[in-house]
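S.K.: Below you'll find my_file-v8.txt; it's compact mmCIF, C-alpha atoms.
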```txt
# COMPACT_ATOMS: atom_id res chain seq x y z
CA MET K 1 78.93 -61.33 39.14
CA LYS K 2 82.69 -60.77 39.19
CA SER K 3 85.15 -63.15 37.55
CA ARG K 4 87.15 -65.11 40.08
CA LEU K 5 90.93 -64.95 40.45
CA ILE K 6 92.79 -67.64 42.38
CA ILE K 7 96.43 -67.05 43.24
CA HIS K 8 98.41 -70.02 44.48
CA ALA K 9 101.20 -68.11 46.20
CA GLY K 10 103.52 -70.90 47.28
CA PHE K 11 105.46 -71.65 49.43
CA ALA K 12 108.51 -73.15 47.74
CA LYS K 13 109.14 -76.82 48.58
CA CYS K 14 105.48 -77.21 49.58
CA GLY K 15 103.88 -79.10 46.71
CA SER K 16 103.92 -76.33 44.10
CA ALA K 17 105.28 -78.63 41.39
CA SER K 18 102.45 -81.13 41.86
CA ILE K 19 99.85 -78.36 41.59
CA ARG K 20 101.42 -76.96 38.43
CA THR K 21 101.58 -80.47 36.94
CA ALA K 22 97.91 -81.11 37.73
CA LEU K 23 96.94 -77.84 36.04
CA PHE K 24 98.93 -78.88 32.96
CA GLN K 25 97.59 -82.44 32.83
CA ASN K 26 93.98 -81.34 33.24
CA PHE K 27 94.19 -78.27 31.02
CA ARG K 28 91.46 -79.23 28.54
CA LYS K 29 89.00 -80.36 31.19
CA LEU K 30 89.59 -77.14 33.14
CA GLN K 31 88.89 -75.08 30.03
CA THR K 32 85.57 -76.83 29.48
CA ASP K 33 84.67 -75.83 33.05
CA ASN K 34 85.67 -72.20 32.32
CA VAL K 35 88.79 -72.45 34.45
CA PHE K 36 91.83 -70.81 32.85
CA VAL K 37 95.49 -70.74 33.86
CA PHE K 38 98.17 -68.07 33.47
CA ASP K 39 101.26 -69.21 31.60
CA LYS K 40 104.94 -68.43 32.19
CA ASP K 41 104.54 -65.02 30.51
CA LEU K 42 101.54 -64.11 32.68
CA ARG K 43 99.07 -64.52 29.84
CA ILE K 44 96.01 -66.76 29.86
CA ALA K 45 97.19 -70.05 28.32
CA ARG K 46 95.36 -71.07 25.16
CA THR K 47 96.90 -74.54 24.86
CA ALA K 48 98.47 -76.99 27.31
CA ALA K 49 101.82 -76.36 25.64
CA ASP K 50 101.65 -72.77 26.90
CA LEU K 51 101.93 -74.11 30.45
CA VAL K 52 105.34 -75.63 29.88
CA GLY K 53 107.56 -73.56 32.13
CA THR K 54 106.74 -71.56 35.22
CA PRO K 55 105.86 -67.88 35.78
CA ILE K 56 108.49 -67.49 38.51
CA TRP K 57 110.98 -65.70 36.27
CA SER K 58 108.42 -63.26 34.84
CA LEU K 59 107.28 -62.52 38.36
CA GLU K 60 110.81 -62.04 39.61
CA GLN K 61 111.57 -59.58 36.83
CA ALA K 62 108.38 -57.68 37.63
CA ARG K 63 109.38 -57.52 41.29
CA LYS K 64 112.86 -56.23 40.50
CA LYS K 65 111.37 -53.50 38.31
CA SER K 66 108.55 -52.77 40.82
CA GLN K 67 106.01 -53.30 38.06
CA LYS K 68 102.34 -53.31 38.93
CA LEU K 69 100.65 -56.38 37.50
CA ALA K 70 97.04 -55.62 38.40
CA GLN K 71 96.24 -53.92 35.10
CA ARG K 72 98.09 -56.56 33.07
CA LEU K 73 96.31 -59.51 34.70
CA GLY K 74 93.02 -57.63 34.69
CA ALA K 75 93.25 -57.11 30.93
CA GLU K 76 93.91 -60.83 30.38
CA ILE K 77 90.91 -61.79 32.49
CA ALA K 78 88.69 -59.20 30.80
CA ALA K 79 89.61 -60.56 27.36
CA VAL K 80 88.55 -64.05 28.42
CA SER K 81 85.34 -62.69 29.93
CA LYS K 82 84.32 -61.26 26.57
CA ARG K 83 84.64 -64.69 25.01
CA LYS K 84 83.61 -66.99 27.84
CA GLY K 85 81.62 -64.92 30.31
CA ASP K 86 82.20 -65.42 34.02
CA HIS K 87 85.10 -67.73 34.68
CA VAL K 88 87.93 -68.63 37.04
CA ALA K 89 91.54 -67.64 36.37
CA ILE K 90 94.42 -69.31 38.22
CA LEU K 91 97.95 -68.00 38.73
CA SER K 92 100.29 -70.51 40.36
CA ALA K 93 103.92 -69.83 41.27
CA GLU K 94 105.91 -70.86 44.32
CA ASN K 95 107.85 -67.60 44.54
CA LEU K 96 104.74 -65.46 44.99
CA ALA K 97 105.18 -65.81 48.75
CA ASN K 98 108.52 -63.97 48.54
CA PRO K 99 108.83 -60.43 49.95
CA GLY K 100 107.63 -57.72 47.57
CA MET K 101 105.40 -59.98 45.48
CA ALA K 102 102.05 -59.09 47.05
CA GLU K 103 102.48 -55.42 46.17
CA LEU K 104 102.55 -56.31 42.48
CA PHE K 105 98.85 -57.23 42.70
CA MET K 106 97.61 -54.33 44.81
CA ASN K 107 93.90 -53.46 44.28
CA LEU K 108 93.13 -56.62 42.30
CA ASP K 109 91.00 -57.75 45.23
CA SER K 110 88.61 -54.86 44.51
CA GLU K 111 88.18 -55.91 40.87
CA PHE K 112 87.68 -59.66 41.27
CA ASP K 113 86.46 -62.25 43.71
CA MET K 114 89.93 -63.20 44.80
CA ASP K 115 91.42 -66.12 46.72
CA VAL K 116 95.03 -66.45 47.82
CA VAL K 117 96.23 -69.94 48.73
CA PHE K 118 99.36 -70.95 50.62
CA TYR K 119 100.67 -74.44 51.21
CA LEU K 120 103.25 -74.85 53.95
CA ARG K 121 104.99 -77.84 55.47
CA PRO K 122 106.55 -78.49 58.89
CA GLN K 123 110.04 -77.01 59.07
CA LEU K 124 111.45 -80.42 60.07
CA GLN K 125 110.63 -81.44 56.50
CA TRP K 126 111.09 -78.09 54.79
CA VAL K 127 114.67 -77.42 55.93
CA PRO K 128 116.27 -80.65 54.59
CA SER K 129 114.18 -80.38 51.43
CA ALA K 130 115.43 -76.83 50.88
CA TRP K 131 119.00 -77.97 51.46
CA LYS K 132 118.61 -80.63 48.78
CA GLN K 133 117.21 -78.06 46.36
CA TRP K 134 119.60 -75.16 47.02
CA GLY K 135 122.11 -75.59 49.83
CA LEU K 136 124.02 -78.60 48.60
CA LYS K 137 124.64 -76.91 45.25
CA THR K 138 126.77 -74.30 47.00
CA GLY K 139 128.66 -76.85 49.07
CA VAL K 140 127.04 -75.81 52.36
CA PRO K 141 126.94 -78.76 54.81
CA LEU K 142 123.48 -79.63 56.06
CA GLY K 143 124.38 -78.64 59.63
CA ASP K 144 125.46 -75.17 58.52
CA PHE K 145 122.31 -74.81 56.42
CA VAL K 146 120.19 -75.64 59.46
CA SER K 147 121.99 -72.94 61.45
CA GLN K 148 121.43 -70.41 58.66
CA CYS K 149 117.69 -71.18 58.62
CA ILE K 150 117.44 -70.81 62.38
CA ASP K 151 119.42 -67.57 62.45
CA ALA K 152 117.26 -66.07 59.69
CA ARG K 153 114.06 -67.76 60.94
CA THR K 154 113.55 -69.20 57.47
CA PRO K 155 111.03 -70.19 56.18
CA THR K 156 109.06 -67.04 57.03
CA PHE K 157 105.56 -68.46 56.71
CA THR K 158 103.69 -66.07 59.01
CA ARG K 159 105.44 -62.92 57.80
CA ASP K 160 104.72 -63.62 54.15
CA ILE K 161 101.10 -64.68 54.71
CA GLU K 162 100.42 -61.56 56.75
CA SER K 163 102.02 -59.39 54.04
CA TRP K 164 99.53 -60.69 51.47
CA LYS K 165 96.62 -60.22 53.86
CA ALA K 166 97.62 -56.62 54.56
CA THR K 167 98.15 -55.79 50.88
CA LEU K 168 94.98 -57.49 49.59
CA PRO K 169 92.57 -57.33 52.55
CA ALA K 170 89.45 -58.19 50.54
CA ALA K 171 90.91 -61.46 49.25
CA ASN K 172 90.03 -64.76 50.88
CA THR K 173 93.14 -66.28 52.43
CA HIS K 174 93.55 -70.07 52.58
CA VAL K 175 96.45 -71.62 54.49
CA ARG K 176 96.84 -75.34 53.92
CA PHE K 177 99.30 -77.62 55.71
CA PHE K 178 101.33 -80.05 53.60
CA ILE K 179 100.29 -82.91 55.88
CA PRO K 180 98.48 -85.78 54.10
CA GLU K 181 95.78 -86.27 56.74
CA LEU K 182 94.81 -82.60 56.44
CA LEU K 183 94.63 -82.54 52.63
CA ALA K 184 91.76 -83.72 50.44
CA GLY K 185 93.09 -86.76 48.61
CA GLY K 186 96.22 -86.64 50.77
CA ASN K 187 98.22 -84.37 48.44
CA PRO K 188 98.35 -80.65 47.54
CA ALA K 189 97.16 -81.03 43.93
CA GLN K 190 93.91 -82.81 44.79
CA ASP K 191 93.44 -80.57 47.79
CA PHE K 192 93.85 -77.45 45.64
CA PHE K 193 91.25 -78.65 43.14
CA ASN K 194 88.89 -79.69 45.92
CA LEU K 195 89.27 -76.35 47.68
CA PHE K 196 87.58 -74.60 44.78
CA GLY K 197 84.83 -77.09 44.09
CA LEU K 198 86.53 -79.02 41.32
CA SER K 199 85.57 -82.65 41.75
CA GLU K 200 88.73 -84.72 42.11
CA LYS K 201 87.08 -87.69 40.35
CA GLU K 202 86.98 -85.76 37.08
CA PHE K 203 90.69 -85.00 36.99
CA LYS K 204 93.98 -86.85 36.76
CA PHE K 205 96.63 -86.64 39.45
CA GLU K 206 100.09 -88.15 39.72
CA SER K 207 100.42 -90.95 42.25
CA GLU K 208 104.17 -90.42 42.81
CA ALA K 209 105.97 -87.39 44.20
CA ARG K 210 106.69 -84.80 41.52
CA ASN K 211 110.15 -84.05 42.95
CA PRO K 212 111.49 -87.38 44.26
CA SER K 213 114.63 -87.17 46.34
CA LEU K 214 117.89 -88.97 45.68
CA ASP K 215 119.50 -91.39 48.11
CA VAL K 216 121.22 -89.66 51.02
CA SER K 217 124.67 -90.85 49.96
CA ILE K 218 124.25 -89.35 46.48
CA LEU K 219 123.10 -86.06 48.02
CA HIS K 220 126.16 -86.08 50.24
CA VAL K 221 128.56 -86.60 47.34
CA LEU K 222 126.84 -83.88 45.31
CA SER K 223 127.23 -81.44 48.22
CA LYS K 224 130.99 -82.08 48.09
CA ASN K 225 131.09 -81.10 44.42
CA PRO K 226 129.40 -77.69 44.06
CA HIS K 227 131.43 -77.07 40.89
CA LEU K 228 129.02 -79.45 39.13
CA PHE K 229 126.29 -76.78 39.38
CA SER K 230 126.29 -73.41 37.63
CA ASP K 231 124.03 -71.92 40.33
CA VAL K 232 121.38 -72.95 42.85
CA HIS K 233 118.76 -73.17 40.10
CA ASP K 234 120.79 -75.61 37.98
CA ASN K 235 118.86 -78.90 38.12
CA ARG K 236 120.33 -80.61 35.07
CA LEU K 237 122.50 -83.08 36.99
CA THR K 238 119.92 -83.98 39.62
CA LEU K 239 117.24 -84.48 36.95
CA ALA K 240 119.59 -86.71 34.94
CA LEU K 241 120.34 -88.79 38.04
CA THR K 242 116.63 -89.05 38.83
CA ARG K 243 115.96 -90.38 35.33
CA THR K 244 118.91 -92.79 35.40
CA LEU K 245 118.92 -94.33 38.86
CA SER K 246 116.71 -97.23 39.87
CA LYS K 247 113.48 -96.20 41.60
CA LYS K 248 114.57 -97.59 44.95
CA PHE K 249 117.41 -95.07 45.03
CA ARG K 250 115.15 -92.11 44.35
CA SER K 251 113.86 -91.67 47.88
CA THR K 252 115.26 -90.67 51.24
CA ASN K 253 115.64 -93.87 53.22
CA ILE K 254 117.11 -92.43 56.43
CA GLN K 255 116.45 -89.35 58.53
CA MET K 256 118.38 -86.35 57.20
CA LEU K 257 118.45 -84.24 60.38
CA SER K 258 120.19 -85.16 63.59
CA ALA K 259 118.19 -85.28 66.83
CA GLU K 260 119.93 -82.08 67.98
CA GLN K 261 119.10 -80.27 64.74
CA GLU K 262 115.47 -81.32 64.98
CA ALA K 263 115.26 -80.04 68.55
CA ARG K 264 116.74 -76.66 67.55
CA ILE K 265 114.28 -76.29 64.65
CA GLU K 266 111.28 -77.21 66.79
CA GLU K 267 112.24 -74.71 69.48
CA CYS K 268 112.90 -71.92 66.96
CA PHE K 269 109.52 -72.22 65.22
CA ARG K 270 107.38 -73.48 68.11
CA ASP K 271 105.38 -70.32 68.79
CA GLU K 272 104.82 -69.61 65.11
CA ASN K 273 103.67 -73.15 64.37
CA ARG K 274 101.30 -73.18 67.31
CA TRP K 275 99.81 -69.89 66.12
CA LEU K 276 99.47 -71.08 62.53
CA LEU K 277 97.76 -74.30 63.56
CA ASN K 278 95.38 -72.59 65.96
CA THR K 279 94.56 -69.90 63.40
CA TYR K 280 94.16 -71.96 60.24
CA CYS K 281 93.54 -75.49 61.49
CA SER K 282 91.29 -74.93 64.48
CA ASP K 283 88.80 -77.62 63.45
CA ALA K 284 91.43 -80.37 63.86
CA ASP K 285 93.19 -81.85 66.87
CA VAL K 286 95.96 -79.26 66.94
CA ASP K 287 97.87 -80.81 69.84
CA ARG K 288 97.99 -84.21 68.16
CA ILE K 289 99.00 -82.72 64.82
CA TYR K 290 101.77 -80.72 66.47
CA GLN K 291 103.09 -83.73 68.38
CA THR K 292 103.00 -85.90 65.26
CA HIS K 293 104.38 -83.56 62.61
CA PHE K 294 106.22 -80.68 64.31
CA MET K 295 108.11 -82.44 67.10
CA PRO K 296 111.46 -84.30 66.77
CA ARG K 297 111.07 -87.92 65.75
CA LYS K 298 112.83 -91.15 66.59
CA ALA K 299 114.89 -92.70 63.82
CA ASP K 300 116.76 -95.95 63.40
CA ALA K 301 119.40 -94.30 61.21
CA ARG K 302 120.39 -90.71 60.53
CA TYR K 303 122.56 -88.99 57.94
CA SER K 304 124.59 -87.38 60.73
CA ASP K 305 125.53 -90.82 62.11
CA MET K 306 127.07 -92.06 58.87
CA THR K 307 130.80 -91.66 58.28
CA GLU K 308 132.35 -90.14 55.19
CA SER K 309 133.59 -93.51 53.96
CA GLU K 310 130.18 -95.14 54.53
CA LEU K 311 128.47 -92.47 52.45
CA ILE K 312 131.00 -92.61 49.61
CA TYR K 313 131.01 -96.40 49.39
CA ARG K 314 127.22 -96.46 49.54
CA CYS K 315 127.03 -93.93 46.69
CA LEU K 316 129.49 -95.94 44.60
CA GLY K 317 127.53 -99.13 45.24
CA ILE K 318 124.27 -97.50 44.15
CA ILE K 319 125.78 -96.27 40.92
CA LEU K 320 127.32 -99.66 40.12
CA GLU K 321 124.12 -101.54 40.94
CA SER K 322 122.01 -99.15 38.88
CA ILE K 323 124.28 -99.54 35.88
CA ALA K 324 124.36 -103.31 36.18
CA SER K 325 120.63 -103.81 36.78
CA SER K 326 119.58 -101.54 33.93
CA GLY K 327 122.07 -102.85 31.41
CA GLY K 328 122.92 -99.24 30.62
CA GLN K 329 119.28 -98.24 30.33
CA SER K 330 117.25 -96.05 32.66
CA ASP K 331 113.70 -96.95 33.73
CA THR K 332 112.52 -94.39 31.18
CA ASP K 333 114.50 -96.03 28.37
CA LYS K 334 113.20 -99.48 29.29
CA ASP K 335 109.60 -98.24 29.32
CA ARG K 336 110.08 -96.66 25.92
CA ASN K 337 111.62 -99.81 24.43
CA GLN K 338 108.70 -101.85 25.76
CA GLY K 339 106.24 -99.56 24.05
CA GLN K 340 105.15 -97.81 27.23
CA ASP K 341 104.83 -94.05 27.56
CA PRO K 342 107.16 -93.13 30.48
CA ARG K 343 105.41 -89.80 31.06
CA PRO K 344 102.82 -89.67 33.83
CA GLU K 345 99.26 -89.45 32.59
```
Can you dump the structure from the file as structure tokens?
M.R.:
Amino acid sequence: MKSRLIIHAGFAKCGSASIRTALFQNFRKLQTDNVFVFDKDLRIARTAADLVGTPIWSLEQARKKSQKLAQRLGAEIAAVSKRKGDHVAILSAENLANPGMAELFMNLDSEFDMDVVFYLRPQLQWVPSAWKQWGLKTGVPLGDFVSQCIDARTPTFTRDIESWKATLPAANTHVRFFIPELLAGGNPAQDFFNLFGLSEKEFKFESEARNPSLDVSILHVLSKNPHLFSDVHDNRLTLALTRTLSKKFRSTNIQMLSAEQEARIEECFRDENRWLLNTYCSDADVDRIYQTHFMPRKADARYSDMTESELIYRCLGIILESIASSGGQSDTDKDRNQGQDPRPE
């Protein structure tokens, strides 16, 4: 019997952080079940501490140098097999869906029982989420970012999935939609564990979103100050704000996209989304799912309808209220002072 290799290949902004967190939090239990995880240096992690960090940078360097990783990963798996016998090895990284990544693992599907898993979300959700993560840090207005995505047909879900299938034809391909009703447990982490026969009752999962958003007015002000970020990967300021602001200001409370932007996105990706749903979600009510999650939605308030002064005054009010209500302490500080561990279990 071959050892099993599971590659969680992304996509970015599609629940990857929650899956990585679940692997970290359940590290010891996974080991007892002979399930092992690759660390940020693409080695089999021996302790939970080895999983601090993500493999994305090691993978990106390998892609730039056109390195072949099959032998390297194979050697790691073989070393574990000598000690533990047949087992499961998991590599999880959101950038594995990027162009050129699949080629790094060529022929691994002939050595191992191999599964490749993709999580994707409706573009109506993905585009504003991607803007929050990358676009606003360069000062690009949301409307311009939407136009860029449409012109480039980004995200390229179908293209990247098909690239992996062509490169590793013997691997089992799983495409999962980041839609709660289609996921076991309603979230990607539990769904990922369930997909491979790992009972969700035996593991711990976070109840809150791993990457909570900031209030729309704060996002707007940040987008007007790109000098606060060293590059699109600089998350220091947003993480500090997330820790400091009151919980009620760490979620999107109005629709980010305008009705016109939503209509443009739906039209651009309509054929692709229909194909993806019919191909990978044929056992569900595809028409209902499409109408519910891929079509423009009604909204009582939208970011595009707010004026500059409304957004700035709202942001200022949030900051003042958060300072006053916390007495200078964040939720994390208050939990610590009360003897509570602020870290999720």
S.K.: Using only C-alpha atoms, list the residues that have an atom at most 12 Å from (90.8, -80.0, 60.9), coordinates as in the file, as a list in words.
M.R.: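 Checking each residue against the 12 Å limit leaves Val175, Arg176, Phe177, Ile179, Pro180, Glu181, Leu182, Leu183, Ala184, Leu277, Asn278, Thr279, Tyr280, Cys281, Ser282, Asp283, Ala284, Asp285, Val286, Asp287, Arg288 and Ile289 of chain K.
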S.K.: Determine the nearest neighbour of K:Gly15 from the options K:Asp50, K:Asp191, K:Asp271, K:Asp144, counting only C-alpha atoms.
M.R.: K:Asp191
S.K.: I'd like the contact shell of K:Phe229 - 10 Å cut-off, all atoms listed in the file, skipping same-chain residues fewer than 5 positions apart - returned as a VMD selection string.
M.R.: chain K and resid 136 to 139 222 234 to 238
S.K.: Considering only C-alpha atoms, state which residue in the set K:Arg20, K:Val117, K:Asp305, K:Ile318 is at the smallest distance from K:Gly53.
M.R.: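 Selected residue with least distance to K:Gly53: K:Arg20.
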S.K.: Restricting the calculation to all atoms listed in the file: of K:Ser213, K:Thr173, K:Thr307, K:Gln67, which residue gets closest to K:Lys247?
M.R.: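 Closest candidate: K:Ser213.
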S.K.: What does the structure give for the distance between atom CA of K:Phe294 and atom CA of K:Ser92, in Å to one decimal?
M.R.: 26.7 Å
S.K.: Which residues of stretch 69-149 of chain K have any atom within 8 Å of an atom in stretch 30-48 of chain K when counting only C-alpha atoms, and what is the closest pair of atoms for each, with the distance in Å to one decimal? Order the rows by chain and rising number and write it as a Markdown table.
M.R.:
```
| residue | atom | partner | partner_atom | distance |
| --- | --- | --- | --- | --- |
| K:Leu73 | CA | K:Leu42 | CA | 7.3 |
| K:Glu76 | CA | K:Ile44 | CA | 6.3 |
| K:Ile77 | CA | K:Ile44 | CA | 7.6 |
| K:Lys84 | CA | K:Asn34 | CA | 7.2 |
| K:Asp86 | CA | K:Asn34 | CA | 7.8 |
| K:His87 | CA | K:Asn34 | CA | 5.1 |
| K:Val88 | CA | K:Val35 | CA | 4.7 |
| K:Ala89 | CA | K:Phe36 | CA | 4.7 |
| K:Ile90 | CA | K:Val37 | CA | 4.7 |
| K:Leu91 | CA | K:Phe38 | CA | 5.3 |
| K:Ser92 | CA | K:Phe38 | CA | 7.6 |
```
